[in-house]
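Have a look at protein-v1.csv below; it lists CSV, C-alpha atoms.
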```
chain,number,residue,atom,x,y,z
A,31,MET,CA,-32.6,-39.4,92.0
A,32,SER,CA,-33.8,-40.1,88.5
A,33,LYS,CA,-33.3,-43.5,86.9
A,34,ILE,CA,-30.9,-43.7,84.1
A,35,LYS,CA,-31.0,-46.5,81.6
A,36,PHE,CA,-27.7,-47.9,80.4
A,37,GLY,CA,-26.9,-47.0,76.9
A,38,VAL,CA,-29.5,-44.1,76.8
A,39,LEU,CA,-28.6,-40.5,77.6
A,40,PRO,CA,-31.0,-38.3,79.5
A,41,ALA,CA,-33.1,-35.8,77.5
A,42,GLU,CA,-31.1,-32.8,78.7
A,43,HIS,CA,-27.9,-34.4,77.7
A,44,ARG,CA,-29.3,-35.1,74.2
A,45,ARG,CA,-30.4,-31.5,73.8
A,46,ALA,CA,-27.0,-30.3,74.9
A,47,ASN,CA,-25.3,-32.6,72.4
A,48,ARG,CA,-27.5,-31.3,69.6
A,49,LYS,CA,-26.4,-27.8,70.4
A,50,ASP,CA,-22.8,-28.9,70.3
A,51,MET,CA,-23.2,-30.7,67.0
A,52,VAL,CA,-24.2,-27.5,65.1
A,53,PHE,CA,-21.4,-27.1,62.5
A,54,ALA,CA,-20.4,-23.8,61.0
A,55,PRO,CA,-21.4,-23.4,57.4
A,56,ASN,CA,-18.6,-24.4,55.0
A,57,PRO,CA,-18.8,-22.8,51.5
A,58,LEU,CA,-16.7,-25.7,50.0
A,59,SER,CA,-19.1,-28.4,51.3
A,60,LEU,CA,-20.5,-30.7,48.6
A,61,SER,CA,-24.0,-30.3,50.1
A,62,VAL,CA,-24.1,-26.5,49.7
A,63,PRO,CA,-26.6,-25.3,47.1
A,64,GLU,CA,-25.2,-24.1,43.8
A,65,PRO,CA,-26.6,-20.6,44.0
A,66,ALA,CA,-25.1,-20.2,47.5
A,67,PHE,CA,-21.7,-21.4,46.3
A,68,GLU,CA,-21.7,-19.0,43.3
A,69,SER,CA,-22.7,-16.2,45.7
A,70,TRP,CA,-19.8,-17.1,47.9
A,71,LEU,CA,-17.4,-17.0,44.9
A,72,ARG,CA,-18.7,-13.6,44.0
A,73,ASP,CA,-18.5,-12.1,47.5
A,74,SER,CA,-15.0,-13.5,48.0
A,75,GLY,CA,-13.7,-12.0,44.8
A,76,TYR,CA,-13.1,-15.2,42.9
A,77,LEU,CA,-15.1,-14.0,39.8
A,78,GLU,CA,-12.6,-15.5,37.4
A,79,ILE,CA,-13.3,-19.0,38.9
A,80,LEU,CA,-17.0,-18.4,38.4
A,81,ASP,CA,-16.5,-17.3,34.8
A,82,GLN,CA,-14.3,-20.3,34.0
A,83,ARG,CA,-16.8,-22.6,35.7
A,84,THR,CA,-19.6,-21.3,33.6
A,85,THR,CA,-17.6,-21.7,30.4
A,86,ASP,CA,-16.6,-25.3,31.3
A,87,LEU,CA,-20.2,-26.3,32.1
A,88,HIS,CA,-21.4,-24.8,28.8
A,89,ARG,CA,-18.7,-26.7,26.8
A,90,ILE,CA,-19.7,-30.0,28.5
A,91,SER,CA,-23.4,-29.4,27.8
A,92,THR,CA,-22.8,-28.5,24.1
A,93,THR,CA,-20.6,-31.5,23.5
A,94,ALA,CA,-23.3,-33.8,24.9
A,95,LYS,CA,-26.2,-32.3,22.9
A,96,PRO,CA,-25.6,-33.9,19.5
A,97,SER,CA,-25.4,-37.4,20.9
A,98,ASN,CA,-28.4,-37.1,23.2
A,99,SER,CA,-30.6,-35.6,20.6
A,100,ALA,CA,-29.6,-37.8,17.7
A,101,ALA,CA,-32.1,-40.6,18.3
A,102,ASP,CA,-35.0,-38.2,18.9
A,103,SER,CA,-34.3,-36.1,15.8
A,104,THR,CA,-33.9,-39.1,13.4
A,105,SER,CA,-37.2,-40.6,14.6
A,106,THR,CA,-39.3,-37.3,14.5
A,107,THR,CA,-37.8,-35.3,11.7
A,108,SER,CA,-35.6,-35.6,8.6
A,109,ILE,CA,-33.3,-32.7,9.5
A,110,PRO,CA,-29.8,-33.8,10.4
A,111,PRO,CA,-28.9,-33.5,14.1
A,112,LYS,CA,-25.8,-31.5,13.2
A,113,THR,CA,-27.9,-28.9,11.4
A,114,LEU,CA,-30.3,-28.6,14.4
A,115,PHE,CA,-27.4,-28.2,16.8
A,116,PHE,CA,-25.8,-25.5,14.6
A,117,VAL,CA,-29.0,-23.6,14.3
A,118,SER,CA,-29.8,-23.7,18.0
A,119,ARG,CA,-26.3,-22.7,18.9
A,120,LEU,CA,-26.5,-19.8,16.4
A,121,PHE,CA,-29.7,-18.5,17.9
A,122,SER,CA,-28.3,-18.9,21.3
A,123,ARG,CA,-25.3,-16.7,20.5
A,124,ILE,CA,-27.5,-14.1,18.8
A,125,TRP,CA,-29.7,-14.0,21.9
A,126,THR,CA,-26.6,-13.6,24.1
A,127,LEU,CA,-25.5,-10.6,21.9
A,128,LEU,CA,-28.9,-9.0,22.0
A,129,SER,CA,-29.0,-9.4,25.8
A,130,LEU,CA,-26.1,-7.0,26.0
A,131,LEU,CA,-28.5,-4.2,25.2
A,132,THR,CA,-31.0,-5.1,28.0
A,133,PHE,CA,-28.9,-4.0,31.0
A,134,ASN,CA,-26.9,-1.0,32.2
A,135,PRO,CA,-23.2,-1.7,32.0
A,136,PHE,CA,-22.5,1.3,34.3
A,137,SER,CA,-24.8,0.2,37.2
A,138,LYS,CA,-21.8,-1.0,39.4
A,139,LEU,CA,-19.4,1.7,38.3
A,140,ALA,CA,-18.2,4.1,41.0
A,141,THR,CA,-16.1,7.2,41.1
A,142,ASP,CA,-13.3,5.3,42.9
A,143,ASP,CA,-12.8,3.2,39.8
A,144,PHE,CA,-11.4,6.2,38.0
A,145,ALA,CA,-9.1,7.1,40.9
A,146,GLY,CA,-6.6,4.2,40.6
A,147,ASP,CA,-3.9,3.6,38.1
A,148,THR,CA,-4.7,2.8,34.5
A,149,PRO,CA,-4.3,-1.0,33.9
A,150,PRO,CA,-1.5,-1.9,31.4
A,151,TRP,CA,-2.8,-1.9,27.8
A,152,THR,CA,-0.8,-4.9,26.6
A,153,LEU,CA,-1.0,-7.4,29.5
A,154,ALA,CA,-4.2,-6.4,31.4
A,155,PHE,CA,-6.5,-4.8,28.8
A,156,PHE,CA,-5.7,-6.6,25.5
A,157,GLY,CA,-4.1,-9.7,26.8
A,158,SER,CA,-3.5,-12.7,24.6
A,159,SER,CA,-5.7,-14.7,22.3
A,160,GLU,CA,-6.6,-17.0,25.1
A,161,SER,CA,-8.0,-14.1,27.1
A,162,TYR,CA,-11.1,-14.0,25.0
A,163,SER,CA,-14.1,-16.3,24.6
A,164,PHE,CA,-17.7,-16.0,23.5
A,165,PRO,CA,-20.0,-15.7,26.6
A,166,SER,CA,-21.9,-18.9,27.0
A,167,SER,CA,-25.0,-17.2,28.4
A,168,PRO,CA,-26.6,-13.8,29.0
A,169,SER,CA,-25.8,-14.1,32.7
A,170,GLN,CA,-22.1,-14.7,32.0
A,171,ALA,CA,-22.0,-11.8,29.6
A,172,ARG,CA,-23.6,-9.5,32.3
A,173,LEU,CA,-21.1,-10.7,34.9
A,174,ARG,CA,-18.1,-10.0,32.6
A,175,VAL,CA,-19.4,-6.6,31.5
A,176,HIS,CA,-20.1,-5.3,35.0
A,177,GLU,CA,-16.7,-6.5,36.3
A,178,ASN,CA,-14.6,-5.5,33.3
A,179,VAL,CA,-16.2,-2.0,33.1
A,180,LYS,CA,-15.1,-1.5,36.7
A,181,ARG,CA,-11.6,-2.8,36.1
A,182,PHE,CA,-10.9,-1.0,32.8
A,183,ALA,CA,-12.9,2.2,33.4
A,184,ARG,CA,-9.8,4.4,32.7
A,185,ASN,CA,-8.9,2.5,29.6
A,186,TYR,CA,-12.4,2.9,28.1
A,187,ALA,CA,-12.3,6.7,29.0
A,188,SER,CA,-9.0,7.0,27.1
A,189,LEU,CA,-10.5,5.2,24.1
A,190,PHE,CA,-13.4,7.6,24.1
A,191,VAL,CA,-11.0,10.6,24.0
A,192,LEU,CA,-9.1,8.8,21.1
A,193,PHE,CA,-12.2,8.2,19.1
A,194,PHE,CA,-13.4,11.8,19.7
A,195,ALA,CA,-10.1,13.1,18.4
A,196,CYS,CA,-10.3,10.8,15.3
A,197,SER,CA,-13.9,12.0,14.7
A,198,LEU,CA,-12.7,15.6,14.9
A,199,TYR,CA,-10.0,14.8,12.4
A,200,GLN,CA,-12.6,13.5,10.0
A,201,LEU,CA,-14.8,16.5,10.5
A,202,PRO,CA,-12.5,19.6,10.1
A,203,ILE,CA,-15.5,22.0,10.5
A,204,ALA,CA,-16.3,20.5,13.9
A,205,LEU,CA,-12.7,20.8,14.9
A,206,SER,CA,-12.5,24.5,13.9
A,207,GLY,CA,-15.8,25.1,15.7
A,208,LEU,CA,-14.5,23.5,18.9
A,209,ILE,CA,-11.2,25.5,18.7
A,210,SER,CA,-13.3,28.7,18.1
A,211,CYS,CA,-15.3,28.0,21.3
A,212,LEU,CA,-12.2,27.4,23.3
A,213,ALA,CA,-10.6,30.6,22.0
A,214,LEU,CA,-13.8,32.6,22.7
A,215,TRP,CA,-13.8,31.6,26.4
A,216,ASP,CA,-10.0,32.2,26.7
A,217,VAL,CA,-10.5,35.7,25.3
A,218,PHE,CA,-13.4,36.3,27.7
A,219,LYS,CA,-11.3,35.2,30.7
A,220,PHE,CA,-8.4,37.4,29.6
A,221,SER,CA,-10.7,40.4,29.0
A,222,GLY,CA,-12.5,39.9,32.3
A,223,ASP,CA,-9.2,39.9,34.3
A,224,ARG,CA,-7.9,42.9,32.4
A,225,TRP,CA,-11.1,45.0,32.7
A,226,GLY,CA,-11.9,44.0,36.2
A,227,LEU,CA,-15.3,42.5,35.6
A,228,ASP,CA,-15.4,41.0,39.1
A,229,ARG,CA,-16.4,44.4,40.4
A,230,TYR,CA,-19.4,44.5,38.1
A,231,PRO,CA,-21.2,41.2,38.7
A,232,ILE,CA,-24.4,42.1,36.7
A,233,ILE,CA,-22.3,43.0,33.6
A,234,ARG,CA,-20.2,39.9,34.1
A,235,GLN,CA,-23.2,37.5,34.3
A,236,THR,CA,-24.7,39.2,31.2
A,237,LEU,CA,-21.6,38.7,29.2
A,238,ILE,CA,-21.4,35.0,30.4
A,239,ARG,CA,-24.9,34.3,29.1
A,240,ILE,CA,-24.1,36.0,25.8
A,241,ALA,CA,-20.9,33.9,25.5
A,242,GLN,CA,-22.9,30.7,26.3
A,243,CYS,CA,-25.4,31.5,23.5
A,244,VAL,CA,-22.6,32.2,21.0
A,245,THR,CA,-20.9,28.9,22.0
A,246,ALA,CA,-24.1,26.9,21.5
A,247,VAL,CA,-24.6,28.5,18.1
A,248,ILE,CA,-21.0,27.7,17.0
A,249,LEU,CA,-21.3,24.1,18.2
A,250,LEU,CA,-24.6,23.6,16.3
A,251,ILE,CA,-23.3,25.1,13.1
A,252,SER,CA,-20.0,23.3,13.1
A,253,ASN,CA,-21.7,19.9,13.9
A,254,VAL,CA,-19.6,19.2,17.0
A,255,GLN,CA,-22.5,17.1,18.4
A,256,LEU,CA,-22.1,14.8,15.4
A,257,ALA,CA,-18.5,14.1,16.4
A,258,VAL,CA,-19.5,13.5,20.0
A,259,PHE,CA,-22.3,11.1,18.9
A,260,CYS,CA,-19.9,9.2,16.7
A,261,ALA,CA,-17.3,8.9,19.4
A,262,LEU,CA,-19.9,7.8,22.0
A,263,GLY,CA,-21.4,5.2,19.6
A,264,VAL,CA,-18.1,3.7,18.6
A,265,SER,CA,-16.6,3.7,22.1
A,266,TYR,CA,-19.7,2.2,23.6
A,267,ALA,CA,-19.8,-0.6,21.0
A,268,VAL,CA,-16.1,-1.3,21.6
A,269,MET,CA,-16.5,-1.3,25.4
A,270,ILE,CA,-19.5,-3.7,25.3
A,271,LEU,CA,-17.8,-6.2,23.0
A,272,HIS,CA,-14.5,-6.1,24.7
A,273,ALA,CA,-16.0,-6.4,28.2
A,274,SER,CA,-18.3,-9.3,27.2
A,275,PHE,CA,-15.6,-11.3,25.3
A,276,ARG,CA,-12.8,-10.6,27.8
A,277,LYS,CA,-12.4,-13.3,30.3
A,278,LEU,CA,-12.2,-12.4,33.9
A,279,THR,CA,-8.6,-12.5,35.2
A,280,PRO,CA,-7.5,-12.6,38.8
A,281,ALA,CA,-7.6,-9.1,40.3
A,282,LYS,CA,-5.2,-7.8,42.9
A,283,GLN,CA,-5.9,-9.4,46.2
A,284,PRO,CA,-5.6,-7.5,49.4
A,285,ALA,CA,-2.4,-7.6,51.4
A,286,GLY,CA,-4.0,-9.3,54.4
A,287,ARG,CA,-5.3,-12.2,52.3
A,288,GLY,CA,-2.5,-14.6,53.1
A,289,GLY,CA,-2.1,-18.3,53.0
A,290,TYR,CA,-5.6,-19.1,54.1
A,291,GLY,CA,-7.1,-17.2,51.2
A,292,GLU,CA,-4.8,-19.0,48.8
A,293,LEU,CA,-5.8,-22.3,50.4
A,294,LEU,CA,-9.5,-21.5,49.9
A,295,GLU,CA,-8.8,-20.5,46.3
A,296,ASP,CA,-6.9,-23.8,45.7
A,297,ARG,CA,-9.7,-25.8,47.2
A,298,ALA,CA,-12.3,-24.0,45.3
A,299,LYS,CA,-10.5,-24.7,42.0
A,300,ARG,CA,-10.3,-28.4,42.9
A,301,PHE,CA,-14.0,-28.4,43.7
A,302,LEU,CA,-14.8,-26.8,40.3
A,303,GLU,CA,-12.7,-29.4,38.5
```
For this file, write the structure as structure tokens.
Amino acid sequence: MSKIKFGVLPAEHRRANRKDMVFAPNPLSLSVPEPAFESWLRDSGYLEILDQRTTDLHRISTTAKPSNSAADSTSTTSIPPKTLFFVSRLFSRIWTLLSLLTFNPFSKLATDDFAGDTPPWTLAFFGSSESYSFPSSPSQARLRVHENVKRFARNYASLFVLFFACSLYQLPIALSGLISCLALWDVFKFSGDRWGLDRYPIIRQTLIRIAQCVTAVILLISNVQLAVFCALGVSYAVMILHASFRKLTPAKQPAGRGGYGELLEDRAKRFLE
């Protein structure tokens, strides 16, 4: 029988206690690294909390900049600290806007995003004046664009159709050319059904190729491609600006996400405060 000293546990008991003392990871723990906490917010669907947190941190840092740099600026240069702060903030915002051209806004877009219902234009898409803010960093702008493009994919598609119709209204020659192409294919379909071209596949394929060449010539002559280019350019600019300035709002949560999910959200908001 092994000797046991009073007040000291055997080695095997200490090893067993170490195994029992392994705690499950808690994403709301204060000791969790910041990147891990942000990843948990993103994976859990609380992107609006992450967006608001980034905005609050940027506001705190910008309000502290003039007071911290006042002493250094007065001793090293004659430029007022307010001017330096304004110039640095201006260049920061310009860099944030230029960063919108460095990534693909459709990288996370899927076909399922067009299958759902169109979000309401007044409440969800446009929102109020408090629903917009300048992105504080390129990462926040990228986060907003990727998420808002997924949420408002059907709205942006409707805007493209609207801008294309407006461009055709401004270019009557392009409108007449597009109508002529549609009429050409309608006549071809009607004639093919009447003459029974399905029984002559070679003749039918030859006529289709001729109709395609005629359509291409009509589109080029009537400058329909100019209307498409204008609609694409305007709709892309509107989409990028709206998606980057539009704050992330709470999306629809799954039905199974009950009181525990709401409790996690409440605790996460308290932690971010």
Polymer residues at most 9 Å from A:Pro165, all atoms listed in the file, same-chain spacing of 2 or more positions, as a CSV table (one decimal) with C-alpha atoms, in the coordinates of the input:
```csv
chain,number,residue,atom,x,y,z
A,84,THR,CA,-19.6,-21.3,33.6
A,85,THR,CA,-17.6,-21.7,30.4
A,123,ARG,CA,-25.3,-16.7,20.5
A,126,THR,CA,-26.6,-13.6,24.1
A,127,LEU,CA,-25.5,-10.6,21.9
A,163,SER,CA,-14.1,-16.3,24.6
A,167,SER,CA,-25.0,-17.2,28.4
A,168,PRO,CA,-26.6,-13.8,29.0
A,169,SER,CA,-25.8,-14.1,32.7
A,170,GLN,CA,-22.1,-14.7,32.0
A,171,ALA,CA,-22.0,-11.8,29.6
A,174,ARG,CA,-18.1,-10.0,32.6
A,274,SER,CA,-18.3,-9.3,27.2
A,275,PHE,CA,-15.6,-11.3,25.3
A,276,ARG,CA,-12.8,-10.6,27.8
A,277,LYS,CA,-12.4,-13.3,30.3
```
#### Entry: stretch 144-148 of chain A surroundings by all atoms listed in the file, 7 Å radius, close-in-sequence under 4 positions cut, as an MDAnalysis selection string
chainID A and resid 183:185
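For the atom pair formed by atom CA of A:Trp151 and atom CA of A:Arg181, the distance is 12.1 Å, given to one decimal.
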Can you pull out the residues contacting A:Ala267? Cut-off 12 Å, using all atoms listed in the file, and skip same-chain residues under 3 positions away; I want them as a PDB file with C-alpha atoms, keeping the file's coordinate frame.
```pdb
ATOM      1  CA  LEU A 127     -25.500 -10.600  21.900  1.00  0.00           C
ATOM      2  CA  LEU A 130     -26.100  -7.000  26.000  1.00  0.00           C
ATOM      3  CA  LEU A 131     -28.500  -4.200  25.200  1.00  0.00           C
ATOM      4  CA  PRO A 135     -23.200  -1.700  32.000  1.00  0.00           C
ATOM      5  CA  TYR A 186     -12.400   2.900  28.100  1.00  0.00           C
ATOM      6  CA  LEU A 189     -10.500   5.200  24.100  1.00  0.00           C
ATOM      7  CA  PHE A 190     -13.400   7.600  24.100  1.00  0.00           C
ATOM      8  CA  PHE A 193     -12.200   8.200  19.100  1.00  0.00           C
ATOM      9  CA  CYS A 260     -19.900   9.200  16.700  1.00  0.00           C
ATOM     10  CA  ALA A 261     -17.300   8.900  19.400  1.00  0.00           C
ATOM     11  CA  LEU A 262     -19.900   7.800  22.000  1.00  0.00           C
ATOM     12  CA  GLY A 263     -21.400   5.200  19.600  1.00  0.00           C
ATOM     13  CA  VAL A 264     -18.100   3.700  18.600  1.00  0.00           C
ATOM     14  CA  ILE A 270     -19.500  -3.700  25.300  1.00  0.00           C
ATOM     15  CA  LEU A 271     -17.800  -6.200  23.000  1.00  0.00           C
ATOM     16  CA  HIS A 272     -14.500  -6.100  24.700  1.00  0.00           C
ATOM     17  CA  ALA A 273     -16.000  -6.400  28.200  1.00  0.00           C
ATOM     18  CA  SER A 274     -18.300  -9.300  27.200  1.00  0.00           C
TER      19      SER A 274
END
```
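You will find atom CA of A:Leu212 at 13.5 Å from atom CA of A:Ser252.
Closest approach to A:Met269 among A:Ala140, A:Ser129, A:Val175, A:Phe115 is made by A:Val175 (distances from only C-alpha atoms).
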### Message
Let me make sure I understand: among A:Ala195, A:Asp86, A:Trp225, A:Arg172, which one has the smallest atom-to-atom distance to A:Leu128 if we use only C-alpha atoms?
### Response
A:Arg172
